[in-house]
Number of protein chains: 2
Amino acid sequence: MAAAFLSTPAMAQDWRLVIHGGAGTIARDRMTPERDAEIRAALTQALEAGSAVLADGGSALDAVEATIHVLEDDPNFNAGRGAVFTAEGRNELDASIMDGRDRRAGAVAGVTATRHPISLARAVMDHSPHVMMASEGANLFSREQGLEQVDPSWFRTDERWEQLQRWLARDRADASDLSGADYKYGTVGAVAIDMEGNLAAGTSTGGTTGKLYGRVGDSPIIGAGTYADNRACAVSATGAGEFYIREGVAHEICARIRFLGETPQQAADFVQTETLALGGDGGVIVVGADGSWAWSFNTAGMYRGMAAADSAPQVAIYGDE
Amino acid sequence: MAAAFLSTPAMAQDWRLVIHGGAGTIARDRMTPERDAEIRAALTQALEAGSAVLADGGSALDAVEATIHVLEDDPNFNAGRGAVFTAEGRNELDASIMDGRDRRAGAVAGVTATRHPISLARAVMDHSPHVMMASEGANLFSREQGLEQVDPSWFRTDERWEQLQRWLARDRADASDLSGADYKYGTVGAVAIDMEGNLAAGTSTGGTTGKLYGRVGDSPIIGAGTYADNRACAVSATGAGEFYIREGVAHEICARIRFLGETPQQAADFVQTETLALGGDGGVIVVGADGSWAWSFNTAGMYRGMAAADSAPQVAIYGDE
């Protein structure tokens, strides 16, 4: 596939939406039937929110935002309500969004009072000359933009608080139970193609339990956790963020599709393998400019779902389904 | 050139160092002879610092750090001492560094008290599990790591302070004199290949005059302002940061070299053109895995220099030299 200089023209296209709610050590023997059902219901609700936008002829960008709203509000995921706590016992949230039509993008890191960080990322994209804002400056912009503000207690769940207490009390010599889904993962994301053939991607996260030093992971980094380009694909990632930044996972998947002519599945699998070789596991979701799609993960499981104009919606949790 | 899965083995190689001190509306009629000479002397001094490391068999990574130390300390450039001011009258500094051997990387955004932000980026890479730290957390890590702390007044120059005052008092209807080198550019960077054939890249900046909202530009974003990969090239960028993030400039140049077999000059020129089409001007420096190199800019000038084992050092300012 030759590199096209500008975006390919929009065309009539069946819509598609792919979502994730985090990858990690998600195994059947760690899950209760109730939790399993809750997660599937939440993923289904998120798919329905985005599908409604797309089926109505709405944009991929609006669908991604609507989908992530549901996941941010759901305490089962590490984004918005239910986010993990920093070492200081705070919720510091990161998010990014990108429009494949013109590669406009917005991102925020370390925000603490906006109910929907994905909408703050979108406001950065739509209503500022900037792509990325951090910390108190981003909080200020959020208030100025009139986005819904919440008390920090909105984000708090007892389960995440107890995770932090275990993390703080952990035996550092035995970290075996401290990696994986409970402490690191649970980021949410969505990628979509709309009826006009336009792509969009978004990602939202609370980061990692016990994070220190204003750590910024891959979720708010355009090219690492999120990328969308109508010439190639839309990607959202969830995993060991530091390795995803070093690989440039989302941008690299788009580059392989654009320059090597790989399918979304081929590109996603290759980049996942390469990132694992650097040391980082996790997962990605991809939708291509032709509506083809993929998910790829090298963890035990990934919360995930797909809905499309031409097929029944599906949700899945474990690696073997 | 086929995609290699792992880094190509290091081999005996002539070393090379390429640097920039910012791109922008740098024209002969805006420059005094004294300033012209000062800039050339500073670029030469920076080249000498990095060349000494490389000629002695040192690593590209050490050379990049040593080079950027000189540029951060020199008040002629918008990095470290001489950084531009935020709207609140502060100096908030960003930097990143990357090692092409294993694609380890470190980055900091919005730091305020570390004399050499590039060394803080390196400390993040070398002494933390993270790639990126922001604001107060990054300041705390800097103190814990024992990096040289300075009073904020260290960074202040009268010229940059007066730029801020003009920016604050500007007639917003006539922004013609408020773009370009004075207000936006002056980021510094270095890329190098050492005698073992290893690549490294680094970038350091004060951002943009009058920046608001914790704005993060491309300089601390791995894949945008900085990337290094022994399989392809090392890149440092300076320009309209938001557009450089959206393009993923540094990662994209590496991708074109790796997947399309382009030379550093071809890849740099193409990506500069593509980024300009998005709306962003600026410049990049590149050194390839075979020692080939390029600079490419679409502004009137770019402060720049090159030194190598096998040729005389050169420094340049304007577009026509």
# chains A, B, ... in the order shown; residues from 1 in each chain; ligands from 1
>>> interface_residues(of="chain A", to="chain B", cutoff="9 Å", atoms="only C-alpha atoms", output="compact mmCIF listing (two decimals) with all heavy atoms, in the first residue's frame")
# COMPACT_ATOMS: atom_id res chain seq x y z
N PHE A 5 -0.76 11.01 0.64
CA PHE A 5 -0.34 12.24 1.31
C PHE A 5 -1.46 12.83 2.14
O PHE A 5 -1.27 13.25 3.27
CB PHE A 5 0.16 13.26 0.29
CG PHE A 5 0.66 14.51 0.95
CD1 PHE A 5 1.80 14.47 1.74
CD2 PHE A 5 -0.03 15.69 0.82
CE1 PHE A 5 2.24 15.61 2.38
CE2 PHE A 5 0.41 16.82 1.45
CZ PHE A 5 1.56 16.78 2.23
N LEU A 6 -2.64 12.84 1.59
CA LEU A 6 -3.77 13.38 2.35
C LEU A 6 -4.72 12.24 2.69
O LEU A 6 -4.57 11.13 2.22
CB LEU A 6 -4.49 14.45 1.54
CG LEU A 6 -3.65 15.72 1.31
CD1 LEU A 6 -4.34 16.64 0.33
CD2 LEU A 6 -3.41 16.43 2.64
N MET A 98 -8.59 11.30 19.37
CA MET A 98 -8.02 11.73 18.09
C MET A 98 -9.02 11.48 16.98
O MET A 98 -9.71 10.47 16.95
CB MET A 98 -6.71 10.99 17.81
CG MET A 98 -5.93 11.55 16.61
SD MET A 98 -4.18 11.05 16.69
CE MET A 98 -3.54 11.96 15.28
N ASP A 102 -8.60 14.59 10.21
CA ASP A 102 -7.58 15.62 10.06
C ASP A 102 -6.46 15.45 11.09
O ASP A 102 -5.62 16.33 11.22
CB ASP A 102 -8.20 17.01 10.20
CG ASP A 102 -9.16 17.08 11.38
OD1 ASP A 102 -9.08 16.19 12.25
OD2 ASP A 102 -9.97 18.02 11.44
N ARG A 103 -6.48 14.35 11.78
CA ARG A 103 -5.52 14.07 12.84
C ARG A 103 -5.45 15.18 13.88
O ARG A 103 -4.40 15.44 14.44
CB ARG A 103 -4.14 13.76 12.24
CG ARG A 103 -4.14 12.41 11.53
CD ARG A 103 -2.75 11.99 11.12
NE ARG A 103 -2.31 12.71 9.94
CZ ARG A 103 -1.07 12.83 9.55
NH1 ARG A 103 -0.10 12.27 10.25
NH2 ARG A 103 -0.76 13.49 8.45
N ARG A 104 -6.57 15.84 14.12
CA ARG A 104 -6.64 16.69 15.31
C ARG A 104 -6.65 15.77 16.52
O ARG A 104 -7.18 14.64 16.45
CB ARG A 104 -7.88 17.57 15.29
CG ARG A 104 -7.82 18.69 14.24
CD ARG A 104 -9.02 19.62 14.38
NE ARG A 104 -10.25 18.85 14.51
CZ ARG A 104 -11.16 19.03 15.46
NH1 ARG A 104 -11.01 20.00 16.35
NH2 ARG A 104 -12.25 18.29 15.50
N ALA A 105 -6.11 16.26 17.65
CA ALA A 105 -6.02 15.42 18.83
C ALA A 105 -6.08 16.28 20.08
O ALA A 105 -5.75 17.47 20.06
CB ALA A 105 -4.72 14.61 18.81
N ALA A 109 -3.45 15.03 31.20
CA ALA A 109 -2.74 14.15 32.12
C ALA A 109 -2.86 14.70 33.54
O ALA A 109 -2.73 15.90 33.76
CB ALA A 109 -1.27 14.06 31.73
N GLY A 110 -3.16 13.81 34.48
CA GLY A 110 -3.16 14.19 35.89
C GLY A 110 -4.29 15.12 36.29
O GLY A 110 -4.12 15.96 37.16
N PRO A 129 -5.72 25.91 21.27
CA PRO A 129 -4.72 25.67 20.22
C PRO A 129 -3.78 24.52 20.57
O PRO A 129 -2.90 24.20 19.79
CB PRO A 129 -3.95 27.01 20.19
CG PRO A 129 -4.08 27.56 21.56
CD PRO A 129 -5.42 27.10 22.09
N HIS A 130 -3.98 23.90 21.73
CA HIS A 130 -3.03 22.90 22.20
C HIS A 130 -3.53 21.48 21.96
O HIS A 130 -4.71 21.26 21.70
CB HIS A 130 -2.73 23.12 23.68
CG HIS A 130 -2.15 24.47 23.94
ND1 HIS A 130 -1.13 24.99 23.19
CD2 HIS A 130 -2.45 25.42 24.85
CE1 HIS A 130 -0.82 26.20 23.62
NE2 HIS A 130 -1.61 26.49 24.63
N VAL A 131 -2.63 20.54 22.08
CA VAL A 131 -2.97 19.12 22.02
C VAL A 131 -3.00 18.52 23.42
O VAL A 131 -3.83 17.69 23.73
CB VAL A 131 -1.97 18.35 21.13
CG1 VAL A 131 -2.12 16.84 21.31
CG2 VAL A 131 -2.19 18.72 19.66
N MET A 132 -2.10 18.96 24.29
CA MET A 132 -1.98 18.31 25.60
C MET A 132 -1.85 19.33 26.72
O MET A 132 -1.11 20.30 26.60
CB MET A 132 -0.75 17.40 25.61
CG MET A 132 -0.64 16.53 26.85
SD MET A 132 0.69 15.29 26.66
CE MET A 132 0.47 14.35 28.17
N MET A 133 -2.61 19.10 27.79
CA MET A 133 -2.54 19.91 29.00
C MET A 133 -2.40 18.97 30.20
O MET A 133 -2.96 17.88 30.20
CB MET A 133 -3.81 20.73 29.18
CG MET A 133 -4.07 21.73 28.08
SD MET A 133 -5.61 22.65 28.42
CE MET A 133 -5.74 23.60 26.88
N ALA A 134 -1.69 19.47 31.23
CA ALA A 134 -1.43 18.61 32.39
C ALA A 134 -1.86 19.28 33.69
O ALA A 134 -1.87 20.51 33.81
CB ALA A 134 0.06 18.27 32.46
N SER A 135 -2.24 18.45 34.64
CA SER A 135 -2.38 18.79 36.05
C SER A 135 -3.29 20.01 36.28
O SER A 135 -4.37 20.09 35.71
CB SER A 135 -0.99 19.03 36.67
OG SER A 135 -0.16 17.91 36.41
N GLU A 136 -2.84 20.94 37.13
CA GLU A 136 -3.70 22.05 37.53
C GLU A 136 -4.12 22.92 36.36
O GLU A 136 -5.21 23.47 36.34
CB GLU A 136 -3.00 22.89 38.61
CG GLU A 136 -2.99 22.21 39.97
CD GLU A 136 -4.38 21.70 40.36
OE1 GLU A 136 -5.36 22.45 40.23
OE2 GLU A 136 -4.48 20.53 40.78
N GLY A 137 -3.23 23.07 35.38
CA GLY A 137 -3.59 23.85 34.20
C GLY A 137 -4.76 23.23 33.46
O GLY A 137 -5.68 23.92 33.01
N ALA A 138 -4.75 21.91 33.36
CA ALA A 138 -5.85 21.20 32.70
C ALA A 138 -7.12 21.30 33.53
O ALA A 138 -8.22 21.43 32.98
CB ALA A 138 -5.45 19.74 32.46
N ASN A 139 -6.99 21.23 34.87
CA ASN A 139 -8.17 21.41 35.73
C ASN A 139 -8.80 22.78 35.52
O ASN A 139 -10.03 22.93 35.46
CB ASN A 139 -7.77 21.26 37.21
CG ASN A 139 -7.53 19.82 37.62
OD1 ASN A 139 -8.05 18.89 37.01
ND2 ASN A 139 -6.73 19.64 38.67
N LEU A 140 -7.94 23.80 35.43
CA LEU A 140 -8.42 25.17 35.22
C LEU A 140 -9.16 25.28 33.88
O LEU A 140 -10.26 25.85 33.79
CB LEU A 140 -7.23 26.14 35.25
CG LEU A 140 -7.49 27.57 34.80
CD1 LEU A 140 -8.49 28.27 35.72
CD2 LEU A 140 -6.18 28.38 34.75
N PHE A 141 -8.55 24.73 32.84
CA PHE A 141 -9.19 24.76 31.52
C PHE A 141 -10.55 24.06 31.57
O PHE A 141 -11.52 24.53 30.96
CB PHE A 141 -8.27 24.09 30.50
CG PHE A 141 -8.80 24.11 29.09
CD1 PHE A 141 -8.78 25.28 28.35
CD2 PHE A 141 -9.31 22.96 28.51
CE1 PHE A 141 -9.28 25.30 27.04
CE2 PHE A 141 -9.80 22.97 27.21
CZ PHE A 141 -9.78 24.14 26.48
N LEU A 212 3.62 7.41 41.42
CA LEU A 212 4.39 8.46 42.08
C LEU A 212 4.89 9.45 41.04
O LEU A 212 4.89 9.16 39.84
CB LEU A 212 5.62 7.85 42.75
CG LEU A 212 5.45 7.18 44.11
CD1 LEU A 212 6.70 6.39 44.43
CD2 LEU A 212 5.20 8.22 45.18
N TYR A 213 5.37 10.59 41.56
CA TYR A 213 6.19 11.47 40.74
C TYR A 213 5.47 12.04 39.51
O TYR A 213 6.10 12.31 38.50
CB TYR A 213 7.45 10.74 40.26
CG TYR A 213 8.30 10.17 41.35
CD1 TYR A 213 8.63 8.82 41.36
CD2 TYR A 213 8.79 10.98 42.38
CE1 TYR A 213 9.43 8.28 42.36
CE2 TYR A 213 9.58 10.44 43.39
CZ TYR A 213 9.90 9.10 43.37
OH TYR A 213 10.69 8.57 44.36
N GLY A 214 4.15 12.19 39.59
CA GLY A 214 3.46 12.72 38.42
C GLY A 214 3.68 11.85 37.20
O GLY A 214 3.73 12.33 36.07
N ARG A 215 3.77 10.52 37.43
CA ARG A 215 3.99 9.58 36.33
C ARG A 215 2.92 9.74 35.25
O ARG A 215 1.72 9.81 35.54
CB ARG A 215 3.96 8.15 36.88
CG ARG A 215 4.09 7.06 35.83
CD ARG A 215 2.75 6.41 35.50
NE ARG A 215 2.93 5.23 34.64
CZ ARG A 215 1.92 4.58 34.07
NH1 ARG A 215 0.68 4.94 34.28
NH2 ARG A 215 2.16 3.55 33.28
N VAL A 216 3.33 9.82 34.01
CA VAL A 216 2.42 9.85 32.87
C VAL A 216 2.63 8.57 32.08
O VAL A 216 3.76 8.25 31.70
CB VAL A 216 2.68 11.07 31.97
CG1 VAL A 216 1.72 11.09 30.79
CG2 VAL A 216 2.55 12.37 32.77
N GLY A 217 1.56 7.82 31.87
CA GLY A 217 1.63 6.58 31.09
C GLY A 217 1.32 6.82 29.63
O GLY A 217 1.40 7.95 29.14
N ILE A 221 -0.73 9.88 25.67
CA ILE A 221 0.32 10.17 24.69
C ILE A 221 -0.17 9.80 23.30
O ILE A 221 -0.35 8.61 22.98
CB ILE A 221 1.62 9.40 25.01
CG1 ILE A 221 2.09 9.70 26.44
CG2 ILE A 221 2.70 9.73 23.98
CD1 ILE A 221 2.48 11.14 26.68
N ILE A 222 -0.37 10.83 22.48
CA ILE A 222 -0.79 10.62 21.10
C ILE A 222 0.33 9.87 20.38
O ILE A 222 1.48 10.32 20.39
CB ILE A 222 -1.09 11.97 20.42
CG1 ILE A 222 -2.24 12.69 21.13
CG2 ILE A 222 -1.38 11.79 18.93
CD1 ILE A 222 -3.56 11.95 21.13
N GLY A 223 0.00 8.73 19.78
CA GLY A 223 1.01 7.89 19.13
C GLY A 223 1.37 6.68 19.96
O GLY A 223 1.84 5.68 19.42
N ALA A 224 1.15 6.73 21.26
CA ALA A 224 1.43 5.57 22.13
C ALA A 224 0.12 4.87 22.47
O ALA A 224 -0.16 3.78 21.98
CB ALA A 224 2.16 6.01 23.38
N TYR A 227 -4.14 6.65 18.60
CA TYR A 227 -3.85 7.30 17.32
C TYR A 227 -4.99 7.01 16.36
O TYR A 227 -5.62 5.95 16.43
CB TYR A 227 -2.52 6.81 16.71
CG TYR A 227 -1.90 7.85 15.78
CD1 TYR A 227 -1.30 8.99 16.30
CD2 TYR A 227 -1.94 7.71 14.39
CE1 TYR A 227 -0.74 9.96 15.47
CE2 TYR A 227 -1.39 8.67 13.56
CZ TYR A 227 -0.79 9.79 14.10
OH TYR A 227 -0.25 10.76 13.28
N GLY A 241 2.26 0.79 30.26
CA GLY A 241 2.34 2.04 29.52
C GLY A 241 3.73 2.45 29.10
O GLY A 241 3.92 2.97 28.00
N GLU A 242 4.72 2.24 29.98
CA GLU A 242 6.07 2.69 29.66
C GLU A 242 6.58 2.01 28.38
O GLU A 242 7.24 2.65 27.55
CB GLU A 242 7.01 2.41 30.83
CG GLU A 242 6.94 3.45 31.94
CD GLU A 242 5.65 3.48 32.76
OE1 GLU A 242 4.85 2.52 32.67
OE2 GLU A 242 5.42 4.47 33.48
N PHE A 243 6.28 0.73 28.22
CA PHE A 243 6.76 0.02 27.05
C PHE A 243 5.96 0.43 25.80
O PHE A 243 6.49 0.47 24.70
CB PHE A 243 6.68 -1.49 27.29
CG PHE A 243 7.50 -1.89 28.48
CD1 PHE A 243 6.94 -1.98 29.74
CD2 PHE A 243 8.85 -2.13 28.34
CE1 PHE A 243 7.70 -2.32 30.85
CE2 PHE A 243 9.63 -2.48 29.45
CZ PHE A 243 9.05 -2.57 30.70
N ILE A 245 4.83 3.41 25.30
CA ILE A 245 5.40 4.69 24.85
C ILE A 245 6.67 4.44 24.05
O ILE A 245 6.86 5.02 22.97
CB ILE A 245 5.72 5.60 26.05
CG1 ILE A 245 4.44 6.04 26.77
CG2 ILE A 245 6.52 6.83 25.59
CD1 ILE A 245 4.71 6.83 28.07
N ARG A 246 7.55 3.58 24.57
CA ARG A 246 8.83 3.35 23.89
C ARG A 246 8.63 2.75 22.50
O ARG A 246 9.37 3.08 21.56
CB ARG A 246 9.70 2.43 24.74
CG ARG A 246 10.21 3.12 26.01
CD ARG A 246 10.77 2.14 27.02
NE ARG A 246 11.78 1.27 26.44
CZ ARG A 246 12.21 0.14 26.99
NH1 ARG A 246 11.72 -0.25 28.15
NH2 ARG A 246 13.14 -0.59 26.40
N GLU A 247 7.65 1.87 22.37
CA GLU A 247 7.35 1.30 21.05
C GLU A 247 6.61 2.31 20.17
O GLU A 247 6.72 2.25 18.95
CB GLU A 247 6.50 0.04 21.21
CG GLU A 247 5.97 -0.59 19.93
CD GLU A 247 6.98 -1.43 19.18
OE1 GLU A 247 8.12 -1.60 19.67
OE2 GLU A 247 6.64 -1.93 18.08
N GLY A 248 5.86 3.22 20.77
CA GLY A 248 4.97 4.08 19.99
C GLY A 248 3.86 3.24 19.37
O GLY A 248 3.57 3.32 18.18
N HIS A 251 0.92 4.52 16.93
CA HIS A 251 1.47 5.08 15.69
C HIS A 251 2.15 3.99 14.86
O HIS A 251 2.04 3.98 13.63
CB HIS A 251 2.46 6.19 16.04
CG HIS A 251 2.85 7.06 14.91
ND1 HIS A 251 3.87 6.72 14.04
CD2 HIS A 251 2.37 8.25 14.48
CE1 HIS A 251 4.00 7.69 13.14
NE2 HIS A 251 3.10 8.62 13.37
N GLU A 252 2.80 3.07 15.54
CA GLU A 252 3.52 1.99 14.84
C GLU A 252 2.53 1.07 14.10
O GLU A 252 2.81 0.64 12.98
CB GLU A 252 4.36 1.20 15.84
CG GLU A 252 5.15 0.05 15.26
CD GLU A 252 6.43 0.47 14.53
OE1 GLU A 252 6.69 1.68 14.40
OE2 GLU A 252 7.16 -0.43 14.07
N ALA A 255 1.53 2.85 11.07
CA ALA A 255 2.63 2.89 10.10
C ALA A 255 2.76 1.57 9.35
O ALA A 255 2.99 1.55 8.14
CB ALA A 255 3.95 3.24 10.80
N ARG A 256 2.61 0.45 10.05
CA ARG A 256 2.73 -0.86 9.39
C ARG A 256 1.59 -1.06 8.40
O ARG A 256 1.79 -1.62 7.31
CB ARG A 256 2.75 -1.99 10.42
CG ARG A 256 3.98 -1.96 11.34
CD ARG A 256 4.08 -3.22 12.20
NE ARG A 256 4.42 -4.37 11.39
CZ ARG A 256 5.67 -4.77 11.14
NH1 ARG A 256 6.69 -4.11 11.64
NH2 ARG A 256 5.88 -5.82 10.38
N PHE A 259 2.42 1.64 5.44
CA PHE A 259 3.65 1.46 4.66
C PHE A 259 3.88 0.03 4.20
O PHE A 259 4.55 -0.20 3.20
CB PHE A 259 4.86 1.93 5.47
CG PHE A 259 4.83 3.40 5.80
CD1 PHE A 259 5.29 3.85 7.03
CD2 PHE A 259 4.36 4.34 4.89
CE1 PHE A 259 5.28 5.20 7.35
CE2 PHE A 259 4.34 5.69 5.20
CZ PHE A 259 4.79 6.12 6.43
N LEU A 260 3.40 -0.95 4.98
CA LEU A 260 3.65 -2.35 4.63
C LEU A 260 2.41 -3.05 4.10
O LEU A 260 2.48 -4.19 3.66
CB LEU A 260 4.18 -3.11 5.86
CG LEU A 260 5.46 -2.56 6.50
CD1 LEU A 260 5.87 -3.40 7.70
CD2 LEU A 260 6.60 -2.48 5.47
N GLU A 274 6.38 -7.27 19.45
CA GLU A 274 7.57 -6.44 19.58
C GLU A 274 7.60 -5.72 20.93
O GLU A 274 8.66 -5.58 21.55
CB GLU A 274 7.59 -5.42 18.43
CG GLU A 274 8.96 -5.17 17.88
CD GLU A 274 8.95 -4.27 16.66
OE1 GLU A 274 8.51 -3.11 16.75
OE2 GLU A 274 9.40 -4.72 15.59
N ALA A 277 8.56 -8.00 23.63
CA ALA A 277 10.01 -8.23 23.63
C ALA A 277 10.74 -7.11 24.37
O ALA A 277 11.79 -7.34 24.97
CB ALA A 277 10.52 -8.35 22.19
N LEU A 278 10.19 -5.90 24.34
CA LEU A 278 10.77 -4.81 25.13
C LEU A 278 10.52 -5.04 26.62
O LEU A 278 11.26 -4.50 27.46
CB LEU A 278 10.16 -3.46 24.74
CG LEU A 278 10.53 -2.83 23.40
CD1 LEU A 278 9.79 -1.51 23.21
CD2 LEU A 278 12.04 -2.60 23.30
>>> select_by_dssp(residues="range 5-180 of chain B", states="alpha helix (DSSP H)", output="VMD selection string")
chain B and resid 33 to 55 60 to 73 117 to 127 135 to 144 158 to 168
>>> residues_around(residues="Ala41 in chain A", least_positions_apart="6", cutoff="10 Å", atoms="only C-alpha atoms", output="list in words")
Arg35, Leu47 and Val315 of chain A
>>> select_by_dssp(residues="range 215-272 of chain A", states="strand (DSSP E)", output="list in words")
Arg215, Val216, Thr226, Tyr227, Ala228, Asp229, Cys233, Ala234, Val235, Ser236, Ala237, Thr238 and Gly239 of chain A
>>> residues_around(residues="Ile26 in chain A", least_positions_apart="4", cutoff="8 Å", atoms="only C-alpha atoms", output="VMD selection string")
chain A and resid 30 to 31 181 299 to 302 317 to 318
>>> closest_residue(among="A:Val286, A:Leu276, A:Ile39, A:Val53", to="Glu65 in chain A", atoms="only C-alpha atoms")
A:Val53
>>> closest_residue(among="A:Arg160, A:Gly21, A:Ala60, A:Thr205", to="Pro117 in chain A", atoms="only C-alpha atoms")
A:Thr205
>>> atom_distance(atom1="CA of Gly291 in chain B", atom2="CA of Asp14 in chain B")
7.2 Å
>>> residues_around(residues="Val284 in chain A", least_positions_apart="6", cutoff="8 Å", atoms="only C-alpha atoms", output="list in words")
His20, Val235, Ser236, Ala237, Thr238, Ala268, Gln272, Trp295, Ser296 and Phe297 of chain A
>>> residues_around(residues="range 81-91 of chain B", least_positions_apart="5", cutoff="10 Å", atoms="only C-alpha atoms", output="VMD selection string")
chain B and resid 71 to 76 110 to 113 115 to 116 152 to 165 167 to 168 182 to 187 204 to 215
>>> closest_residue(among="A:Ala234, A:Gln13, A:Gln149, A:Asp29", to="Ala192 in chain A", atoms="only C-alpha atoms")
A:Ala234
>>> atom_distance(atom1="CA of Gly50 in chain B", atom2="CA of Ala27 in chain B")
27.2 Å
>>> atom_distance(atom1="CA of Val150 in chain B", atom2="CA of Gly80 in chain B")
10.5 Å
